[in-house]
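Shown next, in structure tokens, is the structure this report addresses.
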Amino acid sequence: MNQTLTPDAKTIIFSYEGDLWKVPTIGGNAYRLTAMDGEETNPSVSPNGEWLAFTSNQYGNNDVYIMPLKGGEIKQLTFLESNDNVTSWSWDNSKIYFTSNRYNSITTYSINKNGGTPIRLFSNYFNTIQNVVENPLTNEIYFNESWESGRFANRKRYKGDYNPDIKSYNLKTKEYKKYTTYRGKDFGVTVDKNGKFYFMSDEANGEYNLYTITANGKKKQLTNFSTSIMWPKVSANGDKIVFRKDYKIHVYDVLSGKTTTPDIHIFKNNTLNEKQLYNVKGKITFFDISPDEKKIAFVSRGKLFVSDIKGKFIREIETNSNEAVHEVKWLKNNISLVYSESTKGFYNWFYISAEGSSKEKQLTNTLMNNRKLTLNSDRTKGVYISGRNNISIIDLNTFKSNVIIKDELWALDNSNPYFSPDDKYIMYNAYRDFETDIFVYNITTKSILNLTNTKVSENSPIWSPDGKYIYFSSDRLNPSYPLGTNNSKIYQMALDKYEAPFKIDKYNDLFKEKDTTKNDKVIKPLIKINKNGLMNRLKRISPDFGQQENPIVLKKDKKTYIIYLSNHSEGKTQLWKTTIEPFKKNKTEQISNKTIRGYQLVACKRNNYILIDGKINTIDIASNKLKEIEINYNFNKSLKKEFSQMFYEAWAGMDENYYDGNFHGQNWQKLRDEYAKYLPFVTSRANLRLIFNDMLGELNTSHYGFYSNGEEENTYYKTTTLGTGILFNNNKPFIVDRIIKNGPTDITGKNIRKGDKLIAVNGVSIDKKTNRELYFSTPILNSDAKFPRESEITLTFERNGSDFNVNIHPSPYTTIRNLLYDEWQENNQNYVDLKSNNQIAYVHMKNMTQDELIKFKEDLVSNEASKDGLILDLRYNTGGNVHDAVLQFLSQKKYLNWKYRGGKITGQPNFNYGDKPIVLLVNEQSLSDAEMTAAGFQALKLGTIVGTETYRWIIFTSGKQLIDGSYYRLPSWGCYTLDGKDLESVGVHPDVYVGKNFKDRLNKKHPQLNKAIEIILKKLNK
């Protein structure tokens, strides 16, 4: 919800249910102003009250639109495939300010209300200007430039160097000011015609309240609410201020200082309660086959279904429509089902008859997620994981559960626990030093044996049907944290010392009489574990190339089949098997050429069944054939109920997995209840996103986010933009300023020069009054699986009175944006080369991903390797997980010399940066793994850190999907200094504090680089 006022303060204009509405400030009936495809937001009225600017995503991305406030034609002003969001108007009513990510992550532009090409307000790639408003009297532009005042405005109580302050820049005098210096959050200025401005701050009580700056420059609090206001907007005449609080519109009277809540009557059309039609085809998430192999139980979008084995006759099993089902198992009577169903967020076990003769019965009632249920051989007992630390056994006759194991299991991404073939042991994974070991629990003696006990992970252990072996995946040379593995293999561990069968025994068997006595008794294998030399009895089963994981073991006759995922063929993760047969070499074959992320396999006596990409198939393991079971069934579901269920499930996921059990001092359950009271009023997916992310913002946490998209939000069209790599003059939009390095036009022979004038695109003549973006933008159907982008365009330029054509292969606009970042890096490198007389290497890492790690190493082993010092620049770095690799590379020191006879003596290792002076540059936007790297750099004393304090944005994170594909992040692993400080709370302090502000960037000053160069040269000159 966004809101604003007309200049006379008599009318509120606000966004609701994707449209814009107006209502008298005193309250009354609201009337709809727009009804476009998509959502209209960010309304802003011109100071003269004639025009309404707003944002709409009717073409898939946010663009700027304008309409006469009294009614008339709606006009689109921006056309680039970026997110353009209206901020404010100029006081002369001529232009609209908006933010966009077209050039960098975000900055502000202006566009004339009559159209034309937008003008970027300020230069420099990292001047991320937002929340811009003009002062009508002083020519000042007020602004913020922090993620905390835009992208994460709903995060409360953040304090650090990246806190947003109220800043201004005078376009005429070039004066830069900071009006606030509070360590927390001051942002969102709004200004009246007299130049008086107001803003939000959380200084008083940790909640956003309304503030102003007095005539003597003091910060003054105007409201004292216990819950936050959001995005105040003052009327041009200065009489009233409108803001959102508790998801309602409030009006503050400037003269009296009183706040009222207007009674707004709105015509609602809430369709969320109406049931939506869905189909299970290709959308199955879990299944099981009954012991008699006549029935399938399966789950789709949180609903439970049963069908015959052919998938022809299907029935939905009646469960709680307010909740969601996740897993299901058949019991031995072929009638009853045990399944997990959410109960206010946490999954518990339930029981029901598939005949429909009884209501569901809840079996467990824990405030923990119960999951990964597997059954013993006769389906009389089950074993499952509960919460972060518990493994329990459930008796499937009495349905009583008992905790048998407490260990560090984590509440996400677990492997299944399994009964041994003789039902006497439980095998499971648990964590030791961030890596999973394989454990076996003896049900009788209650003793536990660690089978692996390494410093790397052994994952997804499974018994062989004969109980002699276990199989698992492992990268035996590399830990799985923090990078994950890319070289894991499938291994066989012999539980005792076994030898291969002898041919002579098989020969002798030919002369033995067969026992014809009929015996229907099932003889379970005898499990024997010889713990001596277990790790010496490992044998690799899968290929020696690529990554293999998720093994399942089947046995038929004399053959053992190990099924797993592998990417050893062309890098695609596909389903493979290795067959082990006596007297033959192991044979590895592909089962399916589909790219597969995961699978579920159910082995039965007659057939085997496998779930891949939402479809259940029979699998003929001998012939490597999959045959889909065609399951096609419609069902109904209410989005209203689904949204509520997802709210509670995501809350529970955070409750189980958030890294800080004290939730940064907040009562997480109380917050759930406070925000759940708004669920009855949710009318759209956007509302759900808003309230859940606001609830997360209460934690003052990083690495958070709830993301949800649905078909009901799709627009019919989408806009795609053709990037040329030409940077046009900011004020003369059709005149070439320069060519972006490595862009589509940076090609030998193109010969486009500064000053060339663009006069046509693909033969269409340019109208200089038209927005240049329009000529490079094409609407396409949003339903297209892949957005087609023209592979060639022809540009016509004029130079010295002559026209000429240039053909270009365009790129996405995001590619051009990244190239501009590359230019920023190169300019820094050139500056360091110049100032240091080429003595100092300079490397910048945009983030801490594998690609940037490779680039980091390539730079430092090539032409930079011979330089005497190093500046590693992690400013603006957005994190990842390669800190360990970077620190190890920088830690290398020379330990000996060697040479060929008559050759030049050379040190070992080749790269000894640990012997050179190093400066690490950080700033307030160095976050996440950049902070881990800086903390490690400091702890290892590898050099000097220069810059500002880092962001305080460092929790290692995972995430989970919900039943409709929605996703929420899980900040689960805290990061601490060696003396126990939480980096999320303290960040990393530089050894030498040097700031760099907006004006430094604007004027191309480099105080941080200068200090780094100074420090290194001083050390080199000693």
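Each chain in the structure tokens gets a letter, A, B, ..., in the order shown, and its residues are numbered from 1; ligands are numbered from 1 in order too.
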Practice item. Considering only C-alpha atoms, return as a PyMOL selection string whatever protein or nucleic-acid residues lie within 9 Å of range 731-745 of chain A, sequence-local ones (same chain, fewer than 3 positions apart) excluded. Key: chain A and resi 116-120+723-728+748+750-759+766+768+771-772+806-811+815-816+819-820+822-823
Exercise for review: Would you please work out which residue, of A:Thr721, A:Thr454, A:Asn634, A:Thr849, is nearest to Lys275 in chain A when using only C-alpha atoms?
Suggested key: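 Distance minimum relative to Lys275 in chain A lands on A:Asn634.
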Exercise for review: Please provide the set of residues having any atom within 10 Å of range 995-1010 of chain A, restricted to only C-alpha atoms, with same-chain residues fewer than 6 positions apart removed, written as a ChimeraX atom specification.
Suggested key: /A:122-129,145,161,167-169,174-177,828-829,831-832,835-836,842,871,873,919,921-924,946-949
Exercise for review: Excluding range 351-355 of chain A and residues on its chain fewer than 3 positions from it, collect all residues at most 12 Å away from it, counting only C-alpha atoms, and give them as a PyMOL selection string.
Suggested key: chain A and resi 290+295-298+304-308+314-320+325+327-331+333-341+348+358-364+396-399
Practice item. As a count of residues only, list the residues of range 868-962 of chain A assigned to alpha helix (DSSP H) by DSSP on the backbone atoms of this structure. Key: 19
